[in-house]
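Structure file entry-v2.cif with mmCIF, N, CA and C atoms:
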data_final
loop_
_atom_site.label_atom_id
_atom_site.label_comp_id
_atom_site.auth_asym_id
_atom_site.auth_seq_id
_atom_site.Cartn_x
_atom_site.Cartn_y
_atom_site.Cartn_z
N MET B 1 71.61 -96.05 18.53
CA MET B 1 73.06 -96.21 18.44
C MET B 1 73.46 -96.12 16.98
N GLY B 2 74.35 -95.24 16.66
CA GLY B 2 74.78 -95.04 15.29
C GLY B 2 76.15 -95.63 15.01
N ILE B 3 76.63 -95.41 13.82
CA ILE B 3 77.95 -95.88 13.42
C ILE B 3 78.98 -94.93 14.00
N PRO B 4 80.04 -95.46 14.63
CA PRO B 4 81.07 -94.58 15.20
C PRO B 4 81.66 -93.65 14.13
N THR B 5 82.00 -92.44 14.54
CA THR B 5 82.52 -91.44 13.62
C THR B 5 83.76 -91.94 12.88
N ALA B 6 84.63 -92.67 13.55
CA ALA B 6 85.86 -93.17 12.91
C ALA B 6 85.50 -94.09 11.74
N CYS B 7 84.48 -94.93 11.92
CA CYS B 7 84.06 -95.83 10.84
C CYS B 7 83.41 -95.05 9.71
N THR B 8 82.59 -94.09 10.05
CA THR B 8 81.92 -93.29 9.04
C THR B 8 82.93 -92.54 8.19
N GLY B 9 83.92 -91.94 8.83
CA GLY B 9 84.95 -91.21 8.11
C GLY B 9 85.71 -92.11 7.16
N SER B 10 86.01 -93.31 7.63
CA SER B 10 86.73 -94.27 6.79
C SER B 10 85.88 -94.66 5.59
N TRP B 11 84.60 -94.91 5.81
CA TRP B 11 83.70 -95.27 4.72
C TRP B 11 83.60 -94.11 3.72
N GLU B 12 83.47 -92.89 4.22
CA GLU B 12 83.37 -91.72 3.35
C GLU B 12 84.62 -91.56 2.50
N ARG B 13 85.80 -91.77 3.08
CA ARG B 13 87.05 -91.67 2.31
C ARG B 13 87.08 -92.72 1.21
N ARG B 14 86.69 -93.95 1.52
CA ARG B 14 86.68 -95.01 0.50
C ARG B 14 85.67 -94.68 -0.59
N HIS B 15 84.50 -94.18 -0.20
CA HIS B 15 83.47 -93.83 -1.18
C HIS B 15 83.96 -92.71 -2.10
N LEU B 16 84.58 -91.70 -1.53
CA LEU B 16 85.10 -90.59 -2.34
C LEU B 16 86.21 -91.07 -3.27
N ALA B 17 87.07 -91.95 -2.79
CA ALA B 17 88.14 -92.50 -3.64
C ALA B 17 87.54 -93.31 -4.79
N LEU B 18 86.51 -94.10 -4.50
CA LEU B 18 85.86 -94.88 -5.54
C LEU B 18 85.21 -93.97 -6.58
N GLU B 19 84.54 -92.95 -6.14
CA GLU B 19 83.89 -92.02 -7.06
C GLU B 19 84.93 -91.30 -7.92
N ALA B 20 86.05 -90.94 -7.32
CA ALA B 20 87.12 -90.27 -8.07
C ALA B 20 87.68 -91.22 -9.13
N ARG B 21 87.83 -92.50 -8.78
CA ARG B 21 88.34 -93.48 -9.74
C ARG B 21 87.35 -93.70 -10.88
N LYS B 22 86.06 -93.78 -10.56
CA LYS B 22 85.03 -93.91 -11.61
C LYS B 22 85.09 -92.73 -12.57
N LYS B 23 85.25 -91.54 -12.03
CA LYS B 23 85.34 -90.34 -12.86
C LYS B 23 86.58 -90.39 -13.75
N GLU B 24 87.69 -90.84 -13.20
CA GLU B 24 88.93 -90.95 -13.97
C GLU B 24 88.76 -91.94 -15.13
N ILE B 25 88.16 -93.09 -14.86
CA ILE B 25 87.95 -94.09 -15.91
C ILE B 25 86.96 -93.59 -16.96
N THR B 26 85.92 -92.89 -16.52
CA THR B 26 84.96 -92.31 -17.46
C THR B 26 85.65 -91.31 -18.38
N ASN B 27 86.48 -90.47 -17.81
CA ASN B 27 87.21 -89.48 -18.62
C ASN B 27 88.15 -90.15 -19.61
N LEU B 28 88.80 -91.24 -19.19
CA LEU B 28 89.68 -91.98 -20.10
C LEU B 28 88.89 -92.57 -21.26
N ALA B 29 87.73 -93.15 -20.97
CA ALA B 29 86.90 -93.74 -22.02
C ALA B 29 86.47 -92.68 -23.03
N ILE B 30 86.10 -91.52 -22.55
CA ILE B 30 85.70 -90.43 -23.44
C ILE B 30 86.90 -89.94 -24.26
N ALA B 31 88.06 -89.88 -23.62
CA ALA B 31 89.28 -89.40 -24.30
C ALA B 31 89.68 -90.31 -25.46
N VAL B 32 89.35 -91.59 -25.40
CA VAL B 32 89.71 -92.50 -26.50
C VAL B 32 88.58 -92.67 -27.50
N GLY B 33 87.54 -91.83 -27.38
CA GLY B 33 86.53 -91.80 -28.42
C GLY B 33 85.16 -92.38 -28.07
N THR B 34 84.94 -92.80 -26.86
CA THR B 34 83.64 -93.32 -26.47
C THR B 34 82.68 -92.14 -26.28
N ALA B 35 81.52 -92.24 -26.88
CA ALA B 35 80.52 -91.18 -26.71
C ALA B 35 80.10 -91.14 -25.24
N PRO B 36 79.97 -89.93 -24.68
CA PRO B 36 79.57 -89.82 -23.27
C PRO B 36 78.29 -90.60 -22.94
N SER B 37 77.38 -90.66 -23.88
CA SER B 37 76.13 -91.38 -23.63
C SER B 37 76.32 -92.90 -23.62
N GLU B 38 77.45 -93.38 -24.11
CA GLU B 38 77.73 -94.82 -24.19
C GLU B 38 78.69 -95.32 -23.11
N VAL B 39 79.26 -94.41 -22.32
CA VAL B 39 80.29 -94.79 -21.36
C VAL B 39 79.81 -95.85 -20.38
N ARG B 40 78.65 -95.68 -19.79
CA ARG B 40 78.16 -96.66 -18.80
C ARG B 40 78.01 -98.03 -19.43
N LYS B 41 77.50 -98.09 -20.66
CA LYS B 41 77.32 -99.36 -21.35
C LYS B 41 78.67 -100.01 -21.64
N VAL B 42 79.62 -99.23 -22.13
CA VAL B 42 80.93 -99.75 -22.51
C VAL B 42 81.70 -100.25 -21.28
N LEU B 43 81.57 -99.56 -20.16
CA LEU B 43 82.32 -99.91 -18.96
C LEU B 43 81.62 -100.93 -18.07
N ARG B 44 80.44 -101.37 -18.44
CA ARG B 44 79.72 -102.35 -17.62
C ARG B 44 80.45 -103.69 -17.64
N PHE B 45 80.60 -104.30 -16.50
CA PHE B 45 81.26 -105.60 -16.40
C PHE B 45 80.24 -106.69 -16.72
N ASP B 46 80.52 -107.46 -17.77
CA ASP B 46 79.58 -108.50 -18.21
C ASP B 46 79.91 -109.88 -17.67
N GLY B 47 80.91 -109.99 -16.84
CA GLY B 47 81.27 -111.27 -16.27
C GLY B 47 82.55 -111.82 -16.87
N PHE B 48 83.17 -112.72 -16.11
CA PHE B 48 84.46 -113.27 -16.52
C PHE B 48 84.34 -114.12 -17.78
N LYS B 49 83.26 -114.86 -17.93
CA LYS B 49 83.11 -115.72 -19.11
C LYS B 49 83.18 -114.91 -20.39
N LYS B 50 82.47 -113.79 -20.43
CA LYS B 50 82.48 -112.95 -21.63
C LYS B 50 83.87 -112.35 -21.87
N VAL B 51 84.53 -111.94 -20.80
CA VAL B 51 85.88 -111.37 -20.92
C VAL B 51 86.84 -112.41 -21.48
N VAL B 52 86.78 -113.64 -20.95
CA VAL B 52 87.68 -114.71 -21.40
C VAL B 52 87.41 -115.06 -22.86
N ARG B 53 86.14 -115.18 -23.24
CA ARG B 53 85.79 -115.52 -24.62
C ARG B 53 86.27 -114.42 -25.58
N ASP B 54 86.06 -113.18 -25.20
CA ASP B 54 86.49 -112.05 -26.03
C ASP B 54 88.01 -112.04 -26.17
N ALA B 55 88.72 -112.29 -25.08
CA ALA B 55 90.19 -112.33 -25.13
C ALA B 55 90.66 -113.46 -26.03
N GLY B 56 90.01 -114.63 -25.95
CA GLY B 56 90.37 -115.76 -26.79
C GLY B 56 90.25 -115.42 -28.27
N GLU B 57 89.18 -114.74 -28.63
CA GLU B 57 88.99 -114.32 -30.03
C GLU B 57 90.07 -113.33 -30.46
N ARG B 58 90.33 -112.34 -29.61
CA ARG B 58 91.29 -111.29 -29.96
C ARG B 58 92.72 -111.81 -30.05
N LEU B 59 93.02 -112.87 -29.28
CA LEU B 59 94.37 -113.42 -29.27
C LEU B 59 94.56 -114.55 -30.27
N GLY B 60 93.49 -114.92 -30.95
CA GLY B 60 93.58 -115.95 -31.98
C GLY B 60 93.42 -117.37 -31.49
N ALA B 61 93.17 -117.57 -30.21
CA ALA B 61 93.00 -118.92 -29.67
C ALA B 61 91.59 -119.44 -29.92
N GLY B 62 90.65 -118.54 -30.09
CA GLY B 62 89.26 -118.90 -30.25
C GLY B 62 88.52 -118.84 -28.93
N ALA B 63 87.28 -118.41 -28.98
CA ALA B 63 86.48 -118.23 -27.77
C ALA B 63 86.24 -119.54 -27.04
N ASP B 64 85.92 -120.61 -27.78
CA ASP B 64 85.60 -121.88 -27.14
C ASP B 64 86.81 -122.46 -26.41
N GLN B 65 87.97 -122.43 -27.06
CA GLN B 65 89.17 -122.98 -26.42
C GLN B 65 89.56 -122.16 -25.20
N ALA B 66 89.50 -120.84 -25.31
CA ALA B 66 89.84 -119.98 -24.17
C ALA B 66 88.91 -120.25 -23.00
N GLU B 67 87.62 -120.40 -23.28
CA GLU B 67 86.66 -120.66 -22.21
C GLU B 67 86.91 -122.02 -21.56
N ALA B 68 87.23 -123.03 -22.37
CA ALA B 68 87.48 -124.37 -21.83
C ALA B 68 88.70 -124.36 -20.91
N ILE B 69 89.77 -123.71 -21.34
CA ILE B 69 90.99 -123.65 -20.53
C ILE B 69 90.71 -122.88 -19.24
N TRP B 70 90.03 -121.75 -19.35
CA TRP B 70 89.71 -120.94 -18.18
C TRP B 70 88.83 -121.74 -17.20
N SER B 71 87.87 -122.44 -17.73
CA SER B 71 86.96 -123.21 -16.89
C SER B 71 87.70 -124.29 -16.11
N ILE B 72 88.61 -124.99 -16.78
CA ILE B 72 89.39 -126.03 -16.11
C ILE B 72 90.30 -125.42 -15.05
N CYS B 73 90.98 -124.35 -15.40
CA CYS B 73 91.87 -123.69 -14.43
C CYS B 73 91.08 -123.15 -13.24
N SER B 74 89.91 -122.62 -13.51
CA SER B 74 89.06 -122.10 -12.44
C SER B 74 88.63 -123.23 -11.51
N ALA B 75 88.25 -124.36 -12.08
CA ALA B 75 87.84 -125.51 -11.27
C ALA B 75 89.00 -125.97 -10.38
N LEU B 76 90.19 -126.04 -10.95
CA LEU B 76 91.36 -126.43 -10.16
C LEU B 76 91.64 -125.42 -9.05
N ALA B 77 91.59 -124.15 -9.40
CA ALA B 77 91.90 -123.09 -8.42
C ALA B 77 90.91 -123.07 -7.26
N HIS B 78 89.67 -123.45 -7.53
CA HIS B 78 88.63 -123.40 -6.50
C HIS B 78 88.37 -124.77 -5.88
N GLY B 79 89.21 -125.75 -6.22
CA GLY B 79 89.07 -127.08 -5.63
C GLY B 79 87.86 -127.85 -6.11
N ASP B 80 87.35 -127.47 -7.24
CA ASP B 80 86.14 -128.10 -7.79
C ASP B 80 86.55 -129.26 -8.70
N ILE B 81 87.25 -130.24 -8.11
CA ILE B 81 87.83 -131.30 -8.94
C ILE B 81 86.82 -132.35 -9.38
N HIS B 82 85.63 -132.39 -8.77
CA HIS B 82 84.66 -133.40 -9.23
C HIS B 82 84.22 -133.12 -10.67
N ASN B 83 84.35 -131.90 -11.13
CA ASN B 83 84.03 -131.58 -12.53
C ASN B 83 85.15 -132.00 -13.48
N LEU B 84 86.27 -132.42 -12.92
CA LEU B 84 87.42 -132.81 -13.74
C LEU B 84 87.61 -134.32 -13.76
N SER B 85 86.54 -135.06 -13.50
CA SER B 85 86.65 -136.51 -13.40
C SER B 85 87.02 -137.16 -14.73
N PHE B 86 86.89 -136.46 -15.83
CA PHE B 86 87.25 -137.01 -17.14
C PHE B 86 88.76 -137.00 -17.37
N LEU B 87 89.53 -136.38 -16.47
CA LEU B 87 90.98 -136.34 -16.61
C LEU B 87 91.61 -137.51 -15.87
N ASP B 88 92.75 -137.97 -16.38
CA ASP B 88 93.53 -138.97 -15.67
C ASP B 88 94.27 -138.28 -14.55
N ARG B 89 94.27 -138.90 -13.36
CA ARG B 89 94.90 -138.28 -12.19
C ARG B 89 95.97 -139.21 -11.63
N GLU B 90 97.16 -138.66 -11.45
CA GLU B 90 98.26 -139.40 -10.84
C GLU B 90 98.71 -138.63 -9.61
N VAL B 91 98.66 -139.27 -8.45
CA VAL B 91 99.13 -138.64 -7.23
C VAL B 91 100.65 -138.70 -7.22
N VAL B 92 101.27 -137.54 -7.21
CA VAL B 92 102.73 -137.44 -7.27
C VAL B 92 103.33 -137.45 -5.86
N ALA B 93 102.68 -136.77 -4.92
CA ALA B 93 103.18 -136.70 -3.54
C ALA B 93 102.02 -136.42 -2.60
N THR B 94 102.19 -136.82 -1.34
CA THR B 94 101.19 -136.58 -0.31
C THR B 94 101.89 -136.05 0.93
N GLN B 95 101.28 -135.03 1.55
CA GLN B 95 101.79 -134.52 2.82
C GLN B 95 100.58 -134.14 3.66
N GLY B 96 100.35 -134.88 4.72
CA GLY B 96 99.17 -134.64 5.55
C GLY B 96 97.92 -134.88 4.73
N ASN B 97 97.03 -133.90 4.74
CA ASN B 97 95.79 -134.04 3.95
C ASN B 97 95.88 -133.31 2.61
N THR B 98 97.11 -133.04 2.15
CA THR B 98 97.33 -132.36 0.88
C THR B 98 98.02 -133.29 -0.10
N ILE B 99 97.54 -133.29 -1.34
CA ILE B 99 98.19 -134.10 -2.37
C ILE B 99 98.66 -133.20 -3.50
N LEU B 100 99.71 -133.66 -4.16
CA LEU B 100 100.18 -133.03 -5.39
C LEU B 100 99.81 -134.02 -6.49
N ALA B 101 98.94 -133.60 -7.38
CA ALA B 101 98.45 -134.50 -8.42
C ALA B 101 98.80 -133.97 -9.79
N LYS B 102 99.01 -134.89 -10.70
CA LYS B 102 99.25 -134.55 -12.10
C LYS B 102 98.00 -134.96 -12.87
N LEU B 103 97.37 -133.99 -13.52
CA LEU B 103 96.16 -134.25 -14.31
C LEU B 103 96.52 -134.21 -15.78
N THR B 104 96.09 -135.19 -16.52
CA THR B 104 96.37 -135.24 -17.96
C THR B 104 95.11 -135.67 -18.70
N SER B 105 95.10 -135.38 -19.98
CA SER B 105 93.98 -135.83 -20.82
C SER B 105 94.50 -136.12 -22.22
N ASN B 106 93.69 -136.79 -22.97
CA ASN B 106 94.01 -137.08 -24.37
C ASN B 106 93.87 -135.79 -25.16
N THR B 107 94.89 -135.37 -25.87
CA THR B 107 94.84 -134.11 -26.62
C THR B 107 94.52 -134.30 -28.08
N GLU B 108 94.24 -135.54 -28.48
CA GLU B 108 93.92 -135.78 -29.89
C GLU B 108 92.48 -135.47 -30.19
#
Represent the structure of the file as structure tokens.
Amino acid sequence: MGIPTACTGSWERRHLALEARKKEITNLAIAVGTAPSEVRKVLRFDGFKKVVRDAGERLGAGADQAEAIWSICSALAHGDIHNLSFLDREVVATQGNTILAKLTSNTE
């Protein structure tokens, strides 16, 4: 039993679109001066932590501060609040099993 033709066609279209996009990005990198032999290295995704730290440096906030802010926001966004136990927490409102909390810390 194989993969239905409709599914295969859909996969092939997505694969071709992805390959076309990779080619477009490669051409853009070369157009702005990246050596063709360096394109794969330059376009490799090194992870969000490296991206955030680099952005912090480029924007003048500093890599450490940018990473700390990103890490806290990421923990909040993913519900990983046990890592935020060092913050003061005030429950502002409750509805069912959902709370609205205000988190604060000493900024000195």
Around all listed atoms of stretch 45-64 of chain B, padded 3 Å per side, what centre and edge lengths does the axis-aligned box have in Å to one decimal, as AutoDock Vina command-line options?
--center_x 87.1 --center_y -113.4 --center_z -24.0 --size_x 21.0 --size_y 24.2 --size_z 21.9
Filtered DSSP result for chain B, state strand (DSSP E), as a PyMOL selection string: chain B and resi 88-95+98-104
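Our summary of the geometry notes that atom N of B:Ile69 is positioned 26.3 Å from atom N of B:Thr98.
Shell of B:Arg89 at 6.5 Å, with all atoms listed in the file counted and residues fewer than 6 places along the chain excluded, is Ala101, Lys102, Leu103 and Thr104 of chain B.
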Atomic distance atom C of B:Trp70 - atom C of B:Lys49, expressed in Å with one decimal: 9.4 Å
Atomic distance atom CA of B:Gly33 - atom CA of B:Ala63, expressed in Å with one decimal: 26.4 Å
Selection under test: the PyMOL selection byres ((chain B and resi 66) around 7); residues as an MDAnalysis selection string: chainID B and resid 52:53 55:57 61:65 67:71
Name the residues of stretch 4-73 of chain B that fall into helix (DSSP H, G or I) according to DSSP on the backbone, using the chain letters and numbers of this document, as an mmCIF file with N, CA and C atoms, in the coordinates of the input.
data_model
loop_
_atom_site.group_PDB
_atom_site.id
_atom_site.type_symbol
_atom_site.label_atom_id
_atom_site.label_comp_id
_atom_site.auth_asym_id
_atom_site.auth_seq_id
_atom_site.Cartn_x
_atom_site.Cartn_y
_atom_site.Cartn_z
ATOM 1 N N THR B 5 82.000 -92.440 14.540
ATOM 2 C CA THR B 5 82.520 -91.440 13.620
ATOM 3 C C THR B 5 83.760 -91.940 12.880
ATOM 4 N N ALA B 6 84.630 -92.670 13.550
ATOM 5 C CA ALA B 6 85.860 -93.170 12.910
ATOM 6 C C ALA B 6 85.500 -94.090 11.740
ATOM 7 N N CYS B 7 84.480 -94.930 11.920
ATOM 8 C CA CYS B 7 84.060 -95.830 10.840
ATOM 9 C C CYS B 7 83.410 -95.050 9.710
ATOM 10 N N THR B 8 82.590 -94.090 10.050
ATOM 11 C CA THR B 8 81.920 -93.290 9.040
ATOM 12 C C THR B 8 82.930 -92.540 8.190
ATOM 13 N N GLY B 9 83.920 -91.940 8.830
ATOM 14 C CA GLY B 9 84.950 -91.210 8.110
ATOM 15 C C GLY B 9 85.710 -92.110 7.160
ATOM 16 N N SER B 10 86.010 -93.310 7.630
ATOM 17 C CA SER B 10 86.730 -94.270 6.790
ATOM 18 C C SER B 10 85.880 -94.660 5.590
ATOM 19 N N TRP B 11 84.600 -94.910 5.810
ATOM 20 C CA TRP B 11 83.700 -95.270 4.720
ATOM 21 C C TRP B 11 83.600 -94.110 3.720
ATOM 22 N N GLU B 12 83.470 -92.890 4.220
ATOM 23 C CA GLU B 12 83.370 -91.720 3.350
ATOM 24 C C GLU B 12 84.620 -91.560 2.500
ATOM 25 N N ARG B 13 85.800 -91.770 3.080
ATOM 26 C CA ARG B 13 87.050 -91.670 2.310
ATOM 27 C C ARG B 13 87.080 -92.720 1.210
ATOM 28 N N ARG B 14 86.690 -93.950 1.520
ATOM 29 C CA ARG B 14 86.680 -95.010 0.500
ATOM 30 C C ARG B 14 85.670 -94.680 -0.590
ATOM 31 N N HIS B 15 84.500 -94.180 -0.200
ATOM 32 C CA HIS B 15 83.470 -93.830 -1.180
ATOM 33 C C HIS B 15 83.960 -92.710 -2.100
ATOM 34 N N LEU B 16 84.580 -91.700 -1.530
ATOM 35 C CA LEU B 16 85.100 -90.590 -2.340
ATOM 36 C C LEU B 16 86.210 -91.070 -3.270
ATOM 37 N N ALA B 17 87.070 -91.950 -2.790
ATOM 38 C CA ALA B 17 88.140 -92.500 -3.640
ATOM 39 C C ALA B 17 87.540 -93.310 -4.790
ATOM 40 N N LEU B 18 86.510 -94.100 -4.500
ATOM 41 C CA LEU B 18 85.860 -94.880 -5.540
ATOM 42 C C LEU B 18 85.210 -93.970 -6.580
ATOM 43 N N GLU B 19 84.540 -92.950 -6.140
ATOM 44 C CA GLU B 19 83.890 -92.020 -7.060
ATOM 45 C C GLU B 19 84.930 -91.300 -7.920
ATOM 46 N N ALA B 20 86.050 -90.940 -7.320
ATOM 47 C CA ALA B 20 87.120 -90.270 -8.070
ATOM 48 C C ALA B 20 87.680 -91.220 -9.130
ATOM 49 N N ARG B 21 87.830 -92.500 -8.780
ATOM 50 C CA ARG B 21 88.340 -93.480 -9.740
ATOM 51 C C ARG B 21 87.350 -93.700 -10.880
ATOM 52 N N LYS B 22 86.060 -93.780 -10.560
ATOM 53 C CA LYS B 22 85.030 -93.910 -11.610
ATOM 54 C C LYS B 22 85.090 -92.730 -12.570
ATOM 55 N N LYS B 23 85.250 -91.540 -12.030
ATOM 56 C CA LYS B 23 85.340 -90.340 -12.860
ATOM 57 C C LYS B 23 86.580 -90.390 -13.750
ATOM 58 N N GLU B 24 87.690 -90.840 -13.200
ATOM 59 C CA GLU B 24 88.930 -90.950 -13.970
ATOM 60 C C GLU B 24 88.760 -91.940 -15.130
ATOM 61 N N ILE B 25 88.160 -93.090 -14.860
ATOM 62 C CA ILE B 25 87.950 -94.090 -15.910
ATOM 63 C C ILE B 25 86.960 -93.590 -16.960
ATOM 64 N N THR B 26 85.920 -92.890 -16.520
ATOM 65 C CA THR B 26 84.960 -92.310 -17.460
ATOM 66 C C THR B 26 85.650 -91.310 -18.380
ATOM 67 N N ASN B 27 86.480 -90.470 -17.810
ATOM 68 C CA ASN B 27 87.210 -89.480 -18.620
ATOM 69 C C ASN B 27 88.150 -90.150 -19.610
ATOM 70 N N LEU B 28 88.800 -91.240 -19.190
ATOM 71 C CA LEU B 28 89.680 -91.980 -20.100
ATOM 72 C C LEU B 28 88.890 -92.570 -21.260
ATOM 73 N N ALA B 29 87.730 -93.150 -20.970
ATOM 74 C CA ALA B 29 86.900 -93.740 -22.020
ATOM 75 C C ALA B 29 86.470 -92.680 -23.030
ATOM 76 N N ILE B 30 86.100 -91.520 -22.550
ATOM 77 C CA ILE B 30 85.700 -90.430 -23.440
ATOM 78 C C ILE B 30 86.900 -89.940 -24.260
ATOM 79 N N ALA B 31 88.060 -89.880 -23.620
ATOM 80 C CA ALA B 31 89.280 -89.400 -24.300
ATOM 81 C C ALA B 31 89.680 -90.310 -25.460
ATOM 82 N N PRO B 36 79.970 -89.930 -24.680
ATOM 83 C CA PRO B 36 79.570 -89.820 -23.270
ATOM 84 C C PRO B 36 78.290 -90.600 -22.940
ATOM 85 N N SER B 37 77.380 -90.660 -23.880
ATOM 86 C CA SER B 37 76.130 -91.380 -23.630
ATOM 87 C C SER B 37 76.320 -92.900 -23.620
ATOM 88 N N GLU B 38 77.450 -93.380 -24.110
ATOM 89 C CA GLU B 38 77.730 -94.820 -24.190
ATOM 90 C C GLU B 38 78.690 -95.320 -23.110
ATOM 91 N N VAL B 39 79.260 -94.410 -22.320
ATOM 92 C CA VAL B 39 80.290 -94.790 -21.360
ATOM 93 C C VAL B 39 79.810 -95.850 -20.380
ATOM 94 N N ARG B 40 78.650 -95.680 -19.790
ATOM 95 C CA ARG B 40 78.160 -96.660 -18.800
ATOM 96 C C ARG B 40 78.010 -98.030 -19.430
ATOM 97 N N LYS B 41 77.500 -98.090 -20.660
ATOM 98 C CA LYS B 41 77.320 -99.360 -21.350
ATOM 99 C C LYS B 41 78.670 -100.010 -21.640
ATOM 100 N N VAL B 42 79.620 -99.230 -22.130
ATOM 101 C CA VAL B 42 80.930 -99.750 -22.510
ATOM 102 C C VAL B 42 81.700 -100.250 -21.280
ATOM 103 N N LEU B 43 81.570 -99.560 -20.160
ATOM 104 C CA LEU B 43 82.320 -99.910 -18.960
ATOM 105 C C LEU B 43 81.620 -100.930 -18.070
ATOM 106 N N PHE B 48 83.170 -112.720 -16.110
ATOM 107 C CA PHE B 48 84.460 -113.270 -16.520
ATOM 108 C C PHE B 48 84.340 -114.120 -17.780
ATOM 109 N N LYS B 49 83.260 -114.860 -17.930
ATOM 110 C CA LYS B 49 83.110 -115.720 -19.110
ATOM 111 C C LYS B 49 83.180 -114.910 -20.390
ATOM 112 N N LYS B 50 82.470 -113.790 -20.430
ATOM 113 C CA LYS B 50 82.480 -112.950 -21.630
ATOM 114 C C LYS B 50 83.870 -112.350 -21.870
ATOM 115 N N VAL B 51 84.530 -111.940 -20.800
ATOM 116 C CA VAL B 51 85.880 -111.370 -20.920
ATOM 117 C C VAL B 51 86.840 -112.410 -21.480
ATOM 118 N N VAL B 52 86.780 -113.640 -20.950
ATOM 119 C CA VAL B 52 87.680 -114.710 -21.400
ATOM 120 C C VAL B 52 87.410 -115.060 -22.860
ATOM 121 N N ARG B 53 86.140 -115.180 -23.240
ATOM 122 C CA ARG B 53 85.790 -115.520 -24.620
ATOM 123 C C ARG B 53 86.270 -114.420 -25.580
ATOM 124 N N ASP B 54 86.060 -113.180 -25.200
ATOM 125 C CA ASP B 54 86.490 -112.050 -26.030
ATOM 126 C C ASP B 54 88.010 -112.040 -26.170
ATOM 127 N N ALA B 55 88.720 -112.290 -25.080
ATOM 128 C CA ALA B 55 90.190 -112.330 -25.130
ATOM 129 C C ALA B 55 90.660 -113.460 -26.030
ATOM 130 N N GLY B 56 90.010 -114.630 -25.950
ATOM 131 C CA GLY B 56 90.370 -115.760 -26.790
ATOM 132 C C GLY B 56 90.250 -115.420 -28.270
ATOM 133 N N GLU B 57 89.180 -114.740 -28.630
ATOM 134 C CA GLU B 57 88.990 -114.320 -30.030
ATOM 135 C C GLU B 57 90.070 -113.330 -30.460
ATOM 136 N N ARG B 58 90.330 -112.340 -29.610
ATOM 137 C CA ARG B 58 91.290 -111.290 -29.960
ATOM 138 C C ARG B 58 92.720 -111.810 -30.050
ATOM 139 N N LEU B 59 93.020 -112.870 -29.280
ATOM 140 C CA LEU B 59 94.370 -113.420 -29.270
ATOM 141 C C LEU B 59 94.560 -114.550 -30.270
ATOM 142 N N ALA B 63 87.280 -118.410 -28.980
ATOM 143 C CA ALA B 63 86.480 -118.230 -27.770
ATOM 144 C C ALA B 63 86.240 -119.540 -27.040
ATOM 145 N N ASP B 64 85.920 -120.610 -27.780
ATOM 146 C CA ASP B 64 85.600 -121.880 -27.140
ATOM 147 C C ASP B 64 86.810 -122.460 -26.410
ATOM 148 N N GLN B 65 87.970 -122.430 -27.060
ATOM 149 C CA GLN B 65 89.170 -122.980 -26.420
ATOM 150 C C GLN B 65 89.560 -122.160 -25.200
ATOM 151 N N ALA B 66 89.500 -120.840 -25.310
ATOM 152 C CA ALA B 66 89.840 -119.980 -24.170
ATOM 153 C C ALA B 66 88.910 -120.250 -23.000
ATOM 154 N N GLU B 67 87.620 -120.400 -23.280
ATOM 155 C CA GLU B 67 86.660 -120.660 -22.210
ATOM 156 C C GLU B 67 86.910 -122.020 -21.560
ATOM 157 N N ALA B 68 87.230 -123.030 -22.370
ATOM 158 C CA ALA B 68 87.480 -124.370 -21.830
ATOM 159 C C ALA B 68 88.700 -124.360 -20.910
ATOM 160 N N ILE B 69 89.770 -123.710 -21.340
ATOM 161 C CA ILE B 69 90.990 -123.650 -20.530
ATOM 162 C C ILE B 69 90.710 -122.880 -19.240
ATOM 163 N N TRP B 70 90.030 -121.750 -19.350
ATOM 164 C CA TRP B 70 89.710 -120.940 -18.180
ATOM 165 C C TRP B 70 88.830 -121.740 -17.200
ATOM 166 N N SER B 71 87.870 -122.440 -17.730
ATOM 167 C CA SER B 71 86.960 -123.210 -16.890
ATOM 168 C C SER B 71 87.700 -124.290 -16.110
ATOM 169 N N ILE B 72 88.610 -124.990 -16.780
ATOM 170 C CA ILE B 72 89.390 -126.030 -16.110
ATOM 171 C C ILE B 72 90.300 -125.420 -15.050
ATOM 172 N N CYS B 73 90.980 -124.350 -15.400
ATOM 173 C CA CYS B 73 91.870 -123.690 -14.430
ATOM 174 C C CYS B 73 91.080 -123.150 -13.240
#
Restore N, CA, C and O atoms in stretch 100-105 of chain B and list the result as a CSV table (one decimal), keeping the file's coordinate frame.
chain,number,residue,atom,x,y,z
B,100,LEU,N,99.7,-133.7,-4.2
B,100,LEU,CA,100.2,-133.0,-5.4
B,100,LEU,C,99.8,-134.0,-6.5
B,100,LEU,O,100.3,-135.2,-6.5
B,101,ALA,N,98.9,-133.6,-7.4
B,101,ALA,CA,98.4,-134.5,-8.4
B,101,ALA,C,98.8,-134.0,-9.8
B,101,ALA,O,98.9,-132.8,-10.0
B,102,LYS,N,99.0,-134.9,-10.7
B,102,LYS,CA,99.2,-134.6,-12.1
B,102,LYS,C,98.0,-135.0,-12.9
B,102,LYS,O,97.6,-136.1,-12.8
B,103,LEU,N,97.4,-134.0,-13.5
B,103,LEU,CA,96.2,-134.2,-14.3
B,103,LEU,C,96.5,-134.2,-15.8
B,103,LEU,O,97.2,-133.3,-16.2
B,104,THR,N,96.1,-135.2,-16.5
B,104,THR,CA,96.4,-135.2,-18.0
B,104,THR,C,95.1,-135.7,-18.7
B,104,THR,O,94.2,-136.2,-18.1
B,105,SER,N,95.1,-135.4,-20.0
B,105,SER,CA,94.0,-135.8,-20.8
B,105,SER,C,94.5,-136.1,-22.2
B,105,SER,O,95.6,-135.7,-22.6
